[in-house]
Amino acid sequence: MAFDDDLGTLWDGCCGNYPHQQIEYALASAHIVSGYRFATAEGECPVAWTMEASTDGTSFVAVDSQDAQACHDGVFVAYQLSAPASARHFRWSFTAGVGGNANGIRLREVTLIYCALTDNSCAPMVGVGS
């Protein structure tokens, strides 16, 4: 439940194809996203990934890539995109994780930092993805 604004729940990628797993954030309409933040969970946390964006949910383009990150159970760490991305679908493709059991990537929360298309005001977007 990584998009529910609740650090007490988590998304668990268990149990297939570790660490090559994906999580996607689908919005009702396109937004300009300038960054995102993760709150990882104990156990298998992601340490390398690519963030991708898409307007149609089919064709994705890479907008950010991270490597050699650390686990930070329940604490948000923010990542800034090098250039804002306007899209309706955002996904993270994980390529490496660390932790105890190698069953699946685990995230407590994922939050997009977005800018409204109408006035470019920016704020965390919580509880609206799936």
# chains A, B, ... in the order shown; residues from 1 in each chain; ligands from 1
$ residues_around --residues "Arg37 of chain A" --least-positions-apart "4" --cutoff "8 Å" --atoms "only C-alpha atoms" --output "JSON, numbers by chain"
{"A": [76, 77, 78, 79, 110, 111, 112, 113]}
$ write_last_selection --atoms "N, CA, C and O atoms" --output "PDB file, in the first residue's frame"
ATOM      1  N   PHE A  76      11.446   9.304   5.302  1.00  0.00           N
ATOM      2  CA  PHE A  76      11.403   9.748   3.915  1.00  0.00           C
ATOM      3  C   PHE A  76      12.757  10.263   3.457  1.00  0.00           C
ATOM      4  O   PHE A  76      13.419  11.013   4.170  1.00  0.00           O
ATOM      5  N   VAL A  77      13.139   9.871   2.245  1.00  0.00           N
ATOM      6  CA  VAL A  77      14.299  10.428   1.552  1.00  0.00           C
ATOM      7  C   VAL A  77      13.791  10.915   0.200  1.00  0.00           C
ATOM      8  O   VAL A  77      13.122  10.171  -0.523  1.00  0.00           O
ATOM      9  N   ALA A  78      14.081  12.170  -0.126  1.00  0.00           N
ATOM     10  CA  ALA A  78      13.577  12.785  -1.355  1.00  0.00           C
ATOM     11  C   ALA A  78      14.611  12.713  -2.465  1.00  0.00           C
ATOM     12  O   ALA A  78      15.813  12.782  -2.222  1.00  0.00           O
ATOM     13  N   TYR A  79      14.112  12.600  -3.698  1.00  0.00           N
ATOM     14  CA  TYR A  79      14.937  12.549  -4.908  1.00  0.00           C
ATOM     15  C   TYR A  79      14.380  13.575  -5.890  1.00  0.00           C
ATOM     16  O   TYR A  79      13.185  13.582  -6.183  1.00  0.00           O
ATOM     17  N   VAL A 110       5.547   5.809  -1.004  1.00  0.00           N
ATOM     18  CA  VAL A 110       6.101   6.510  -2.157  1.00  0.00           C
ATOM     19  C   VAL A 110       5.236   7.750  -2.348  1.00  0.00           C
ATOM     20  O   VAL A 110       4.004   7.653  -2.371  1.00  0.00           O
ATOM     21  N   THR A 111       5.853   8.905  -2.472  1.00  0.00           N
ATOM     22  CA  THR A 111       5.123  10.151  -2.668  1.00  0.00           C
ATOM     23  C   THR A 111       5.730  10.890  -3.844  1.00  0.00           C
ATOM     24  O   THR A 111       6.947  11.084  -3.897  1.00  0.00           O
ATOM     25  N   LEU A 112       4.887  11.289  -4.783  1.00  0.00           N
ATOM     26  CA  LEU A 112       5.341  12.147  -5.872  1.00  0.00           C
ATOM     27  C   LEU A 112       5.337  13.591  -5.401  1.00  0.00           C
ATOM     28  O   LEU A 112       4.461  14.007  -4.646  1.00  0.00           O
ATOM     29  N   ILE A 113       6.306  14.356  -5.849  1.00  0.00           N
ATOM     30  CA  ILE A 113       6.314  15.795  -5.640  1.00  0.00           C
ATOM     31  C   ILE A 113       5.888  16.379  -6.982  1.00  0.00           C
ATOM     32  O   ILE A 113       6.566  16.181  -7.986  1.00  0.00           O
TER      33      ILE A 113
END
$ residues_around --residues "Gly104 of chain A" --least-positions-apart "6" --cutoff "10 Å" --atoms "only C-alpha atoms" --output "NGL selection string"
:A and (11-21 or 43-46 or 97-98)
$ closest_residue --among "A:Val33, A:Thr55, A:Glu24, A:Pro84" --to "Ala2 of chain A" --atoms "only C-alpha atoms"
A:Glu24
$ closest_residue --among "A:Leu10, A:Ala70, A:Ala87, A:Ala53" --to "His31 of chain A" --atoms "only C-alpha atoms"
A:Ala87
$ residues_around --residues "Thr40 of chain A" --least-positions-apart "5" --cutoff "8 Å" --atoms "only C-alpha atoms" --output "list in words"
Cys45, Pro46, Cys71, His72, Asp73, Gly74, Val75, Phe76, Arg106, Leu107, Arg108 and Glu109 of chain A
$ residues_around --residues "Arg88 of chain A" --least-positions-apart "3" --cutoff "7 Å" --atoms "only C-alpha atoms" --output "number ranges by chain"
A: 26-31, 54-55
$ write_last_selection --atoms "all heavy atoms" --output "PDB file, in the first residue's frame"
ATOM      1  N   ALA A  26      -0.367   5.342 -10.824  1.00  0.00           N
ATOM      2  CA  ALA A  26      -1.242   5.770 -11.915  1.00  0.00           C
ATOM      3  C   ALA A  26      -2.156   6.882 -11.423  1.00  0.00           C
ATOM      4  O   ALA A  26      -2.868   6.713 -10.432  1.00  0.00           O
ATOM      5  CB  ALA A  26      -2.070   4.600 -12.424  1.00  0.00           C
ATOM      6  N   LEU A  27      -2.133   8.017 -12.105  1.00  0.00           N
ATOM      7  CA  LEU A  27      -2.932   9.173 -11.737  1.00  0.00           C
ATOM      8  C   LEU A  27      -4.155   9.287 -12.639  1.00  0.00           C
ATOM      9  O   LEU A  27      -4.165   8.770 -13.751  1.00  0.00           O
ATOM     10  CB  LEU A  27      -2.088  10.444 -11.864  1.00  0.00           C
ATOM     11  CG  LEU A  27      -0.788  10.449 -11.064  1.00  0.00           C
ATOM     12  CD1 LEU A  27       0.049  11.655 -11.436  1.00  0.00           C
ATOM     13  CD2 LEU A  27      -1.089  10.428  -9.588  1.00  0.00           C
ATOM     14  N   ALA A  28      -5.163  10.002 -12.185  1.00  0.00           N
ATOM     15  CA  ALA A  28      -6.366  10.200 -12.987  1.00  0.00           C
ATOM     16  C   ALA A  28      -6.105  11.111 -14.185  1.00  0.00           C
ATOM     17  O   ALA A  28      -6.759  10.996 -15.214  1.00  0.00           O
ATOM     18  CB  ALA A  28      -7.483  10.785 -12.122  1.00  0.00           C
ATOM     19  N   SER A  29      -5.127  12.019 -14.038  1.00  0.00           N
ATOM     20  CA  SER A  29      -4.773  12.925 -15.125  1.00  0.00           C
ATOM     21  C   SER A  29      -3.283  13.237 -15.028  1.00  0.00           C
ATOM     22  O   SER A  29      -2.648  12.957 -14.013  1.00  0.00           O
ATOM     23  CB  SER A  29      -5.593  14.215 -15.058  1.00  0.00           C
ATOM     24  OG  SER A  29      -5.341  14.893 -13.839  1.00  0.00           O
ATOM     25  N   ALA A  30      -2.746  13.834 -16.080  1.00  0.00           N
ATOM     26  CA  ALA A  30      -1.317  14.154 -16.105  1.00  0.00           C
ATOM     27  C   ALA A  30      -0.977  15.245 -15.097  1.00  0.00           C
ATOM     28  O   ALA A  30      -1.772  16.152 -14.863  1.00  0.00           O
ATOM     29  CB  ALA A  30      -0.896  14.595 -17.501  1.00  0.00           C
ATOM     30  N   HIS A  31       0.200  15.115 -14.489  1.00  0.00           N
ATOM     31  CA  HIS A  31       0.741  16.124 -13.581  1.00  0.00           C
ATOM     32  C   HIS A  31       2.208  16.319 -13.923  1.00  0.00           C
ATOM     33  O   HIS A  31       2.869  15.405 -14.420  1.00  0.00           O
ATOM     34  CB  HIS A  31       0.621  15.678 -12.124  1.00  0.00           C
ATOM     35  CG  HIS A  31      -0.738  15.832 -11.562  1.00  0.00           C
ATOM     36  ND1 HIS A  31      -1.759  14.966 -11.846  1.00  0.00           N
ATOM     37  CD2 HIS A  31      -1.253  16.767 -10.734  1.00  0.00           C
ATOM     38  CE1 HIS A  31      -2.850  15.354 -11.208  1.00  0.00           C
ATOM     39  NE2 HIS A  31      -2.573  16.444 -10.531  1.00  0.00           N
ATOM     40  N   SER A  54       5.137   7.934 -18.188  1.00  0.00           N
ATOM     41  CA  SER A  54       4.376   7.617 -19.393  1.00  0.00           C
ATOM     42  C   SER A  54       3.066   8.395 -19.389  1.00  0.00           C
ATOM     43  O   SER A  54       2.448   8.566 -18.338  1.00  0.00           O
ATOM     44  CB  SER A  54       4.077   6.116 -19.433  1.00  0.00           C
ATOM     45  OG  SER A  54       3.179   5.801 -20.477  1.00  0.00           O
ATOM     46  N   THR A  55       2.643   8.819 -20.559  1.00  0.00           N
ATOM     47  CA  THR A  55       1.336   9.459 -20.670  1.00  0.00           C
ATOM     48  C   THR A  55       0.229   8.431 -20.885  1.00  0.00           C
ATOM     49  O   THR A  55      -0.919   8.669 -20.524  1.00  0.00           O
ATOM     50  CB  THR A  55       1.312  10.472 -21.830  1.00  0.00           C
ATOM     51  OG1 THR A  55       1.685   9.805 -23.035  1.00  0.00           O
ATOM     52  CG2 THR A  55       2.273  11.620 -21.566  1.00  0.00           C
TER      53      THR A  55
END
$ atom_distance --atom1 "atom CA of Met51 of chain A" --atom2 "atom CA of Gly8 of chain A"
24.0 Å
$ closest_residue --among "A:Gly99, A:Asp56, A:Val61, A:Phe3" --to "Ile23 of chain A" --atoms "only C-alpha atoms"
A:Phe3
$ atom_distance --atom1 "atom CA of Ser59 of chain A" --atom2 "atom CA of Gln80 of chain A"
22.2 Å
$ select_by_dssp --residues "segment 28-87 of chain A" --states "strand (DSSP E)" --output "ChimeraX atom specification"
/A:28-40,45-54,61-66,76-87
$ write_last_selection --atoms "N, CA and C atoms" --output "compact mmCIF listing (two decimals), in the first residue's frame"
# COMPACT_ATOMS: atom_id res chain seq x y z
N ALA A 28 -5.16 10.00 -12.19
CA ALA A 28 -6.37 10.20 -12.99
C ALA A 28 -6.11 11.11 -14.19
N SER A 29 -5.13 12.02 -14.04
CA SER A 29 -4.77 12.92 -15.13
C SER A 29 -3.28 13.24 -15.03
N ALA A 30 -2.75 13.83 -16.08
CA ALA A 30 -1.32 14.15 -16.11
C ALA A 30 -0.98 15.25 -15.10
N HIS A 31 0.20 15.11 -14.49
CA HIS A 31 0.74 16.12 -13.58
C HIS A 31 2.21 16.32 -13.92
N ILE A 32 2.72 17.50 -13.62
CA ILE A 32 4.14 17.76 -13.75
C ILE A 32 4.79 17.34 -12.44
N VAL A 33 5.70 16.39 -12.51
CA VAL A 33 6.38 15.88 -11.32
C VAL A 33 7.82 16.35 -11.35
N SER A 34 8.27 16.90 -10.23
CA SER A 34 9.64 17.40 -10.13
C SER A 34 10.51 16.51 -9.25
N GLY A 35 9.90 15.57 -8.54
CA GLY A 35 10.66 14.68 -7.68
C GLY A 35 9.75 13.67 -7.01
N TYR A 36 10.30 12.92 -6.09
CA TYR A 36 9.55 11.92 -5.35
C TYR A 36 10.30 11.61 -4.07
N ARG A 37 9.64 10.88 -3.19
CA ARG A 37 10.31 10.46 -1.97
C ARG A 37 9.87 9.04 -1.62
N PHE A 38 10.81 8.30 -1.03
CA PHE A 38 10.59 6.94 -0.57
C PHE A 38 10.73 6.89 0.95
N ALA A 39 9.92 6.08 1.58
CA ALA A 39 10.15 5.62 2.95
C ALA A 39 10.25 4.11 2.83
N THR A 40 11.45 3.57 3.00
CA THR A 40 11.64 2.14 2.84
C THR A 40 11.17 1.39 4.09
N CYS A 45 15.04 -3.65 1.14
CA CYS A 45 14.78 -2.30 0.65
C CYS A 45 15.54 -2.07 -0.65
N PRO A 46 15.01 -1.20 -1.51
CA PRO A 46 15.67 -0.93 -2.79
C PRO A 46 16.92 -0.07 -2.59
N VAL A 47 17.96 -0.37 -3.36
CA VAL A 47 19.18 0.45 -3.33
C VAL A 47 19.57 0.94 -4.73
N ALA A 48 18.89 0.43 -5.77
CA ALA A 48 19.13 0.89 -7.14
C ALA A 48 17.84 0.74 -7.94
N TRP A 49 17.54 1.78 -8.74
CA TRP A 49 16.31 1.75 -9.54
C TRP A 49 16.35 2.80 -10.63
N THR A 50 15.38 2.68 -11.54
CA THR A 50 15.11 3.68 -12.56
C THR A 50 13.66 4.09 -12.42
N MET A 51 13.40 5.40 -12.42
CA MET A 51 12.03 5.91 -12.43
C MET A 51 11.69 6.25 -13.87
N GLU A 52 10.49 5.83 -14.29
CA GLU A 52 10.04 6.06 -15.66
C GLU A 52 8.69 6.77 -15.65
N ALA A 53 8.41 7.50 -16.73
CA ALA A 53 7.15 8.22 -16.85
C ALA A 53 6.49 7.87 -18.18
N SER A 54 5.14 7.93 -18.19
CA SER A 54 4.38 7.62 -19.39
C SER A 54 3.07 8.40 -19.39
N VAL A 61 9.45 6.34 -20.49
CA VAL A 61 10.77 6.91 -20.71
C VAL A 61 11.41 7.15 -19.34
N ALA A 62 12.70 6.88 -19.22
CA ALA A 62 13.42 7.07 -17.96
C ALA A 62 13.53 8.55 -17.63
N VAL A 63 13.21 8.91 -16.38
CA VAL A 63 13.33 10.31 -15.93
C VAL A 63 14.27 10.44 -14.73
N ASP A 64 14.67 9.33 -14.13
CA ASP A 64 15.60 9.37 -13.00
C ASP A 64 16.20 7.99 -12.81
N SER A 65 17.40 7.97 -12.28
CA SER A 65 18.07 6.71 -11.98
C SER A 65 18.89 6.90 -10.71
N GLN A 66 18.83 5.92 -9.82
CA GLN A 66 19.57 5.98 -8.56
C GLN A 66 20.34 4.67 -8.37
N PHE A 76 11.45 9.30 5.30
CA PHE A 76 11.40 9.75 3.92
C PHE A 76 12.76 10.26 3.46
N VAL A 77 13.14 9.87 2.24
CA VAL A 77 14.30 10.43 1.55
C VAL A 77 13.79 10.91 0.20
N ALA A 78 14.08 12.17 -0.13
CA ALA A 78 13.58 12.78 -1.35
C ALA A 78 14.61 12.71 -2.47
N TYR A 79 14.11 12.60 -3.70
CA TYR A 79 14.94 12.55 -4.91
C TYR A 79 14.38 13.57 -5.89
N GLN A 80 15.24 14.43 -6.39
CA GLN A 80 14.86 15.48 -7.33
C GLN A 80 15.13 15.01 -8.75
N LEU A 81 14.18 15.20 -9.66
CA LEU A 81 14.40 14.89 -11.07
C LEU A 81 15.30 15.96 -11.67
N SER A 82 16.12 15.60 -12.64
CA SER A 82 16.98 16.59 -13.29
C SER A 82 16.15 17.56 -14.13
N ALA A 83 14.99 17.12 -14.60
CA ALA A 83 14.04 17.97 -15.31
C ALA A 83 12.63 17.48 -14.98
N PRO A 84 11.68 18.38 -14.75
CA PRO A 84 10.31 17.95 -14.45
C PRO A 84 9.75 17.08 -15.56
N ALA A 85 8.88 16.14 -15.18
CA ALA A 85 8.26 15.22 -16.14
C ALA A 85 6.74 15.36 -16.04
N SER A 86 6.08 15.54 -17.17
CA SER A 86 4.63 15.59 -17.22
C SER A 86 4.12 14.24 -17.71
N ALA A 87 3.35 13.55 -16.86
CA ALA A 87 2.85 12.22 -17.22
C ALA A 87 1.69 11.84 -16.32
$ atom_distance --atom1 "atom CA of Ala68 of chain A" --atom2 "atom CA of Asn103 of chain A"
19.6 Å
